[in-house]
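Pasted below: coords_9.txt, compact mmCIF, C-alpha atoms.
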```
# COMPACT_ATOMS: atom_id res chain seq x y z
CA LYS A 139 -4.47 73.05 108.29
CA PHE A 140 -1.60 74.18 106.13
CA LEU A 141 -0.19 77.15 108.02
CA ALA A 142 1.45 79.88 105.96
CA GLU A 143 4.29 80.20 108.50
CA ASN A 144 5.18 76.52 107.94
CA ASN A 145 4.77 76.73 104.14
CA PRO A 146 6.16 80.16 103.20
CA LYS A 147 7.15 79.16 99.66
CA ASN A 148 3.61 78.05 98.79
CA LEU A 149 1.06 79.93 100.85
CA LEU A 150 0.11 83.55 101.36
CA LYS A 151 -2.31 82.69 104.17
CA ASP A 152 -3.45 79.66 106.17
CA VAL A 153 -5.52 77.00 104.39
CA GLU A 154 -8.11 74.92 106.24
CA PHE A 155 -9.31 71.49 105.17
CA GLU A 156 -12.83 70.13 105.36
CA ILE A 157 -13.46 66.52 106.40
CA SER A 158 -16.52 64.97 104.79
CA SER A 159 -18.72 62.27 106.27
CA ASP A 160 -17.00 59.66 104.08
CA ASN A 161 -13.52 60.63 105.36
CA GLU A 162 -12.52 62.71 102.35
CA ILE A 163 -10.27 65.61 103.33
CA SER A 164 -10.08 68.43 100.79
CA CYS A 165 -9.15 72.07 100.41
CA PHE A 166 -8.94 74.74 97.74
CA ILE A 167 -5.79 76.80 97.11
CA PRO A 168 -6.67 79.76 94.83
CA TYR A 169 -3.43 80.01 92.85
CA ILE A 170 -1.19 77.95 90.58
CA LEU A 171 1.54 75.99 92.32
CA GLU A 172 4.32 73.98 90.72
CA ASN A 173 5.70 72.81 94.09
CA LYS A 174 3.03 70.82 95.93
CA ASN A 175 4.96 69.79 99.04
CA PHE A 176 3.27 70.94 102.25
CA ILE A 177 3.73 70.63 106.02
CA PRO A 178 0.36 69.98 107.68
CA THR A 179 -0.68 71.04 111.17
CA TYR A 180 -3.34 68.96 112.94
CA GLU A 181 -4.77 67.95 116.29
CA ILE A 182 -5.96 64.45 117.22
CA SER A 183 -7.34 63.20 120.50
CA ASP A 184 -5.79 59.75 120.25
CA GLY A 185 -3.61 57.61 117.99
CA ILE A 186 -0.87 58.07 115.40
CA LEU A 187 -1.25 59.57 111.92
CA THR A 188 0.80 57.92 109.16
CA VAL A 189 1.34 58.05 105.38
CA ASN A 190 2.87 54.92 103.82
CA ASP A 191 3.54 53.65 107.36
CA GLU A 192 5.64 56.73 108.17
CA GLU A 193 4.45 58.89 111.05
CA VAL A 194 3.26 62.38 110.14
CA ILE A 195 4.35 64.84 112.85
CA SER A 196 2.21 67.96 113.07
CA GLY A 197 4.07 71.08 111.96
CA GLU A 198 7.17 69.11 110.89
CA THR A 199 6.54 66.38 108.31
CA GLU A 200 6.46 67.45 104.66
CA LEU A 201 3.93 65.66 102.44
CA ASP A 202 3.99 65.38 98.65
CA CYS A 203 0.44 66.48 97.75
CA SER A 204 0.87 66.41 93.98
CA LEU A 205 -1.45 63.36 94.05
CA PRO A 206 -4.27 62.48 96.44
CA ILE A 207 -2.74 60.74 99.43
CA GLU A 208 -4.01 58.21 101.97
CA LEU A 209 -3.76 59.07 105.66
CA LYS A 210 -4.09 56.36 108.29
CA LEU A 211 -5.14 57.25 111.84
CA ALA A 212 -4.50 54.30 114.14
CA SER A 213 -5.53 54.19 117.79
CA GLU A 214 -5.98 51.40 120.32
CA ASN A 215 -9.55 50.70 119.32
CA GLU A 216 -9.69 51.38 115.57
CA THR A 217 -7.93 52.44 112.40
CA VAL A 218 -9.51 55.07 110.16
CA ILE A 219 -8.42 55.80 106.57
CA TYR A 220 -8.71 59.34 105.19
CA HIS A 221 -8.06 60.53 101.63
CA LEU A 222 -6.55 63.98 101.26
CA SER A 223 -6.73 65.98 98.01
CA ILE A 224 -6.18 69.58 96.97
CA ARG A 225 -7.82 71.65 94.25
CA TYR A 226 -5.71 74.48 92.90
CA PHE A 227 -6.38 77.91 91.43
CA THR A 228 -9.93 78.29 90.00
CA GLY A 229 -10.53 74.60 89.41
CA LEU A 230 -10.64 75.17 85.63
CA PRO A 231 -8.21 73.28 83.35
CA ILE A 232 -4.85 75.05 83.09
CA VAL A 233 -3.22 75.44 79.65
CA TYR A 234 0.55 75.96 79.77
CA ILE A 235 2.00 77.31 76.50
CA ASP A 236 5.74 77.79 76.04
CA THR A 237 7.14 79.17 72.79
CA GLU A 238 10.64 78.35 71.55
CA GLU A 239 13.15 80.58 73.36
CA LYS A 240 10.10 82.38 74.84
CA GLN A 241 9.46 84.21 71.57
CA PRO A 242 6.59 86.72 71.78
CA ILE A 243 3.48 86.07 69.67
CA GLU A 244 3.23 89.28 67.66
CA SER A 245 1.68 88.28 64.33
CA LYS A 246 -1.64 87.00 63.01
CA ASP A 247 0.13 85.66 59.93
CA GLU A 248 3.32 84.01 61.18
CA TYR A 249 3.21 81.04 63.54
CA VAL A 250 5.63 80.62 66.45
CA LYS A 251 6.66 77.08 67.39
CA GLY A 252 6.20 75.85 70.93
CA THR A 253 4.71 73.28 73.28
CA ILE A 254 1.41 72.96 75.11
CA ARG A 255 0.45 71.17 78.33
CA ILE A 256 -3.11 70.88 79.59
CA VAL A 257 -3.80 70.00 83.21
CA SER A 258 -7.53 69.32 83.40
CA ASN A 259 -7.50 67.55 86.77
CA ASN A 260 -6.41 70.17 89.27
CA VAL A 261 -6.44 67.65 92.10
CA ASN A 262 -3.41 65.69 90.96
CA GLY A 263 -1.75 68.32 88.73
CA ILE A 264 -0.62 65.74 86.16
CA PRO A 265 -0.89 66.89 82.50
CA ASP A 266 -3.39 64.82 80.55
CA PHE A 267 -2.24 66.32 77.25
CA GLU A 268 1.21 67.39 76.05
CA SER A 269 2.34 68.14 72.50
CA VAL A 270 4.40 70.33 70.23
CA MET A 271 2.34 72.88 68.32
CA LYS A 272 2.55 76.28 66.71
CA ILE A 273 0.64 79.40 67.69
CA LYS A 274 -0.19 82.80 66.21
CA GLY A 275 -2.51 85.71 66.87
CA ARG A 276 -6.09 85.87 65.61
CA GLY A 277 -9.08 88.20 65.60
CA ASN A 278 -9.74 91.65 64.17
CA THR A 279 -10.64 94.29 66.75
CA THR A 280 -9.81 91.86 69.55
CA TRP A 281 -6.20 91.49 68.37
CA GLY A 282 -5.61 95.15 69.28
CA MET A 283 -6.75 94.63 72.88
CA PRO A 284 -4.38 94.03 75.83
CA LYS A 285 -5.47 90.40 76.30
CA LYS A 286 -4.69 88.69 72.99
CA PRO A 287 -6.65 85.86 71.32
CA TYR A 288 -4.69 83.06 69.66
CA LYS A 289 -4.91 80.25 67.12
CA ILE A 290 -3.15 76.93 67.77
CA LYS A 291 -2.25 74.37 65.10
CA PHE A 292 -0.94 70.81 65.48
CA ASP A 293 0.84 68.61 62.95
CA SER A 294 -1.87 65.95 63.30
CA LYS A 295 -5.42 65.84 64.63
CA VAL A 296 -5.78 65.86 68.40
CA SER A 297 -8.63 65.93 70.90
CA LEU A 298 -8.52 68.69 73.50
CA LEU A 299 -10.58 68.36 76.68
CA GLY A 300 -12.64 65.58 75.17
CA GLU A 301 -13.75 67.41 72.01
CA PRO A 302 -13.59 65.80 68.52
CA GLU A 303 -10.12 65.63 66.98
CA ASP A 304 -8.78 68.34 64.69
CA LYS A 305 -5.54 70.16 63.93
CA GLU A 306 -6.81 73.70 64.52
CA TRP A 307 -8.04 75.28 67.76
CA VAL A 308 -8.58 78.79 69.11
CA LEU A 309 -8.17 80.59 72.42
CA LEU A 310 -10.87 83.27 72.75
CA ALA A 311 -9.76 86.05 75.10
CA ASN A 312 -13.20 87.68 75.64
CA TYR A 313 -11.40 90.84 76.77
CA ALA A 314 -14.28 93.15 75.79
CA ASP A 315 -16.74 91.06 77.81
CA LYS A 316 -15.91 91.41 81.49
CA THR A 317 -18.60 88.84 82.38
CA GLN A 318 -16.91 86.20 80.15
CA LEU A 319 -20.46 85.00 79.42
CA ARG A 320 -21.64 86.47 76.11
CA ASN A 321 -19.98 83.94 73.82
CA GLU A 322 -20.82 81.09 76.18
CA ILE A 323 -24.50 82.04 76.27
CA ALA A 324 -24.62 82.35 72.47
CA PHE A 325 -23.01 78.92 72.06
CA PHE A 326 -25.38 77.45 74.66
CA MET A 327 -28.38 78.84 72.77
CA GLY A 328 -26.96 77.39 69.55
CA GLU A 329 -26.70 73.95 71.15
CA MET A 330 -30.30 74.19 72.36
CA SER A 331 -31.62 75.25 68.94
CA THR A 332 -31.89 73.37 65.69
CA LEU A 333 -28.55 74.60 64.37
CA GLU A 334 -26.61 71.76 62.78
CA TYR A 335 -23.34 72.95 64.32
CA THR A 336 -22.26 75.13 67.23
CA PRO A 337 -18.58 75.53 68.16
CA ARG A 338 -17.62 73.52 71.25
CA THR A 339 -15.59 75.43 73.85
CA ASN A 340 -14.22 74.97 77.36
CA PHE A 341 -13.17 77.65 79.82
CA VAL A 342 -9.48 77.35 80.76
CA GLU A 343 -6.74 79.31 82.50
CA VAL A 344 -3.78 80.18 80.25
CA VAL A 345 -0.15 80.47 81.36
CA LEU A 346 2.03 81.75 78.50
CA ASN A 347 5.80 81.44 78.90
CA GLY A 348 5.39 81.22 82.66
CA VAL A 349 3.10 84.27 82.95
CA TYR A 350 -0.59 83.94 83.81
CA ASN A 351 -2.62 85.44 80.95
CA GLY A 352 -6.15 85.02 82.29
CA THR A 353 -9.28 82.99 81.63
CA TYR A 354 -9.88 81.98 78.00
CA GLN A 355 -12.28 79.82 76.03
CA LEU A 356 -10.45 76.98 74.30
CA GLY A 357 -12.59 76.12 71.30
CA GLU A 358 -12.90 74.81 67.79
CA GLN A 359 -11.58 76.79 64.82
CA LEU A 360 -14.45 77.29 62.38
CA LYS A 361 -13.71 75.34 59.20
CA ILE A 362 -15.23 72.89 56.75
CA SER A 363 -14.74 69.49 58.36
CA LYS A 364 -16.68 66.39 59.33
CA ASN A 365 -16.52 67.42 62.99
CA ARG A 366 -16.89 71.17 62.39
CA VAL A 367 -18.96 72.82 59.63
CA ASN A 368 -19.94 69.65 57.82
CA VAL A 369 -21.12 70.91 54.42
CA GLY A 370 -19.29 68.23 52.45
CA ASP A 371 -16.98 68.60 49.47
CA ASP A 372 -19.40 70.84 47.56
CA GLY A 373 -20.33 73.19 50.39
CA PHE A 374 -19.19 76.72 51.28
CA LEU A 375 -18.21 78.42 54.52
CA LEU A 376 -19.39 82.04 54.62
CA GLU A 377 -18.89 84.79 57.18
CA ILE A 378 -20.73 88.04 57.73
CA ASP A 379 -17.54 90.04 57.89
CA GLY A 380 -17.37 93.80 58.37
CA LYS A 381 -13.60 93.49 58.87
CA ALA A 382 -12.82 91.60 55.66
CA ALA A 383 -9.44 92.36 54.09
CA ALA A 384 -9.13 93.83 50.61
CA GLU A 385 -7.89 90.50 49.22
CA ASP A 386 -10.85 88.54 50.62
CA ILE A 387 -13.60 87.43 48.26
CA THR A 388 -16.71 89.31 49.43
CA PHE A 389 -20.06 90.42 48.10
CA LYS A 390 -23.16 92.18 49.44
CA VAL A 391 -26.82 91.29 49.54
CA SER A 392 -29.69 93.68 50.20
CA HIS A 393 -31.01 92.04 53.37
CA ILE A 394 -27.66 91.83 55.22
CA GLY A 395 -25.85 95.02 56.18
CA GLN A 396 -22.28 93.72 56.24
CA PRO A 397 -20.25 92.13 53.42
CA ILE A 398 -20.38 88.35 53.04
CA ASN A 399 -16.94 86.75 52.95
CA ILE A 400 -16.48 83.41 51.15
CA LYS A 401 -14.01 81.86 53.59
CA ASP A 402 -13.74 78.37 52.11
CA PRO A 403 -13.09 77.03 49.53
CA ASP A 404 -11.03 79.50 47.50
CA VAL A 405 -13.09 81.00 44.67
CA GLU A 406 -12.56 83.74 42.10
CA VAL A 407 -14.93 86.62 41.47
CA GLY A 408 -17.15 85.75 38.49
CA SER A 409 -16.48 81.99 38.71
CA ASP A 410 -19.34 79.48 38.69
CA ASP A 411 -18.90 78.86 42.44
CA TYR A 412 -18.86 82.58 43.20
CA ASN A 413 -21.98 83.22 41.13
CA PHE A 414 -23.76 80.26 42.73
CA VAL A 415 -23.16 81.58 46.27
CA VAL A 416 -24.15 85.15 45.38
CA ASN A 417 -27.33 84.04 43.61
CA TYR A 418 -28.22 81.66 46.42
CA LEU A 419 -28.05 84.33 49.11
CA ASN A 420 -29.83 86.90 47.00
CA THR A 421 -32.78 84.55 46.50
CA THR A 422 -32.92 83.11 50.04
```
As structure tokens, what does this structure read like?
Amino acid sequence: KFLAENNPKNLLKDVEFEISSDNEISCFIPYILENKNFIPTYEISDGILTVNDEEVISGETELDCSLPIELKLASENETVIYHLSIRYFTGLPIVYIDTEEKQPIESKDEYVKGTIRIVSNNVNGIPDFESVMKIKGRGNTTWGMPKKPYKIKFDSKVSLLGEPEDKEWVLLANYADKTQLRNEIAFFMGEMSTLEYTPRTNFVEVVLNGVYNGTYQLGEQLKISKNRVNVGDDGFLLEIDGKAAAEDITFKVSHIGQPINIKDPDVEVGSDDYNFVVNYLNTT
């Protein structure tokens, strides 16, 4: 066990370990911890417990548990090796975002510079991705909600959590969906269907400037790209957009209730590209 009275800086209550049949010792601590040094309490019927040939005294010896550690239990008759590891918080990857001088992110138009760390392996706590980046707000109705969605941009293409490389990524807050499942189910259905592209996302926990912000979906920014909406150099990215701004290039068709926004590439009303898109949707 890790007893709270022996680990007051880390634990709110006692934590018990489970020992598997293959001598794996593991536990789950349901919050984020930067300091991963713990004093274990244990009982053994015979022998001496050591780590790196140093004796571990129950209730006294502090262990660095930032990485899985090997415990050796040696008695007169045998020596048994155990491997101890800890999972932290929810088990989801943790995204740490720090803006320069802890500037607040208050605009959907102006980026704020900062850094990002992603810890996807919550057993060892070591970041598997670190980079400078810039971040701004995103969304329409969702931007006015207490839990803000964000857009992240890098100077060069990067892969996040194993997804194809790109410069632009989003953090979906899903504040209006208390189940956190609606977007995920829609994306899952898209992957199962014959759609040529469905945004790839991963659930993560977000810590912004040292404050836990909640569970987000880290996903791909919709854009024309080989690894995103791959319509080539002559294609168009359109959005059914009831929140389009006055300066956006939109049009309406009879069979769709909301305006259609030509997101990419830039076109002018009345141009050949504009007329092609309008005619195409009106005859489809």
Who sits within 7 Å of stretch 332-349 of chain A, all atoms listed in the file, same chain under 6 positions skipped, as a ChimeraX atom specification = /A:230-237,240,325,355-358,366-367
Taking all atoms of stretch 220-225 of chain A that the file lists, what box with edges along x, y and z, padded by 5 Å per side, do you get, with centre and edge lengths in Å to one decimal, as lines of an AutoDock Vina configuration file?
```
center_x = -7.4
center_y = 65.5
center_z = 99.7
size_x = 12.5
size_y = 22.3
size_z = 20.9
```
With all atoms listed in the file counted, which protein, DNA or RNA residues have an atom no more than 12 Å from (0.4, 69.1, 113.2) in the file frame? Please answer as a ChimeraX atom specification.
-> /A:139-141,144,176-182,186-188,193-201
Identify, on the basis of only C-alpha atoms, every residue whose closest approach to stretch 383-389 of chain A does not exceed 6 Å; exclude the query and any residue fewer than 5 positions from it along the same chain; express the result as a CSV table (one decimal) with C-alpha atoms, in the frame of the given file.
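Now in around.csv:
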```
chain,number,residue,atom,x,y,z
A,397,PRO,CA,-20.2,92.1,53.4
A,398,ILE,CA,-20.4,88.4,53.0
A,399,ASN,CA,-16.9,86.8,53.0
A,400,ILE,CA,-16.5,83.4,51.2
```
Spatial neighbours of A:Phe267, 10 Å, only C-alpha atoms, chain gap at least 4 places, as a ChimeraX atom specification = /A:233,254-258,296-299
Could you name the residues that touch A:Lys316 at 12 Å or less, counting only C-alpha atoms, but leaving out those on the same chain fewer than 6 positions away, as a ChimeraX atom specification?
-> /A:285,352-354
Quick one: everything within 8 Å of A:Met271, counting only C-alpha atoms, minus sequence neighbours fewer than 3 positions away in the same chain. Send it as a ChimeraX atom specification.
-> /A:251-254,290-293
Counting all atoms listed in the file, the option among A:Ala142, A:Leu310, A:Glu322, A:Lys381 closest to A:Glu154 =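 Comparing A:Ala142, A:Leu310, A:Glu322, A:Lys381 against A:Glu154, the winner is A:Ala142.
When all atoms listed in the file are used to compute distances to A:Ala382, the closest of the residues A:Gly185, A:Ala311, A:Lys401, A:Gly275 turns out to be A:Lys401.
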Quick one: distance from atom CA of A:Arg225 to atom CA of A:Glu303 in Å, one decimal?
->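 Calculated distance between atom CA of A:Arg225 and atom CA of A:Glu303 is 28.0 Å.
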Selected residue, from A:Thr228, A:Asp402, A:His393, A:Tyr220, that lies nearest to A:Glu377 when counting all atoms listed in the file = A:Asp402
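Of the residues listed (A:Asn148, A:Ser223, A:Asn365, A:Asn190), A:Ser223 shows the shortest atom-to-atom separation from A:Glu162; distances use only C-alpha atoms.
For the pair atom CA of A:Val391 and atom CA of A:Leu419, the separation is 7.1 Å.
Pairwise distance (atom CA of A:Glu244, atom CA of A:Trp281) equals 9.7 Å.
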Dump as an NGL selection string all residues having an atom at most 9 Å from (1.9, 73.6, 91.6), computed in the file's coordinates with all atoms listed in the file.
-> :A and (148 or 169-175 or 204 or 226 or 263)
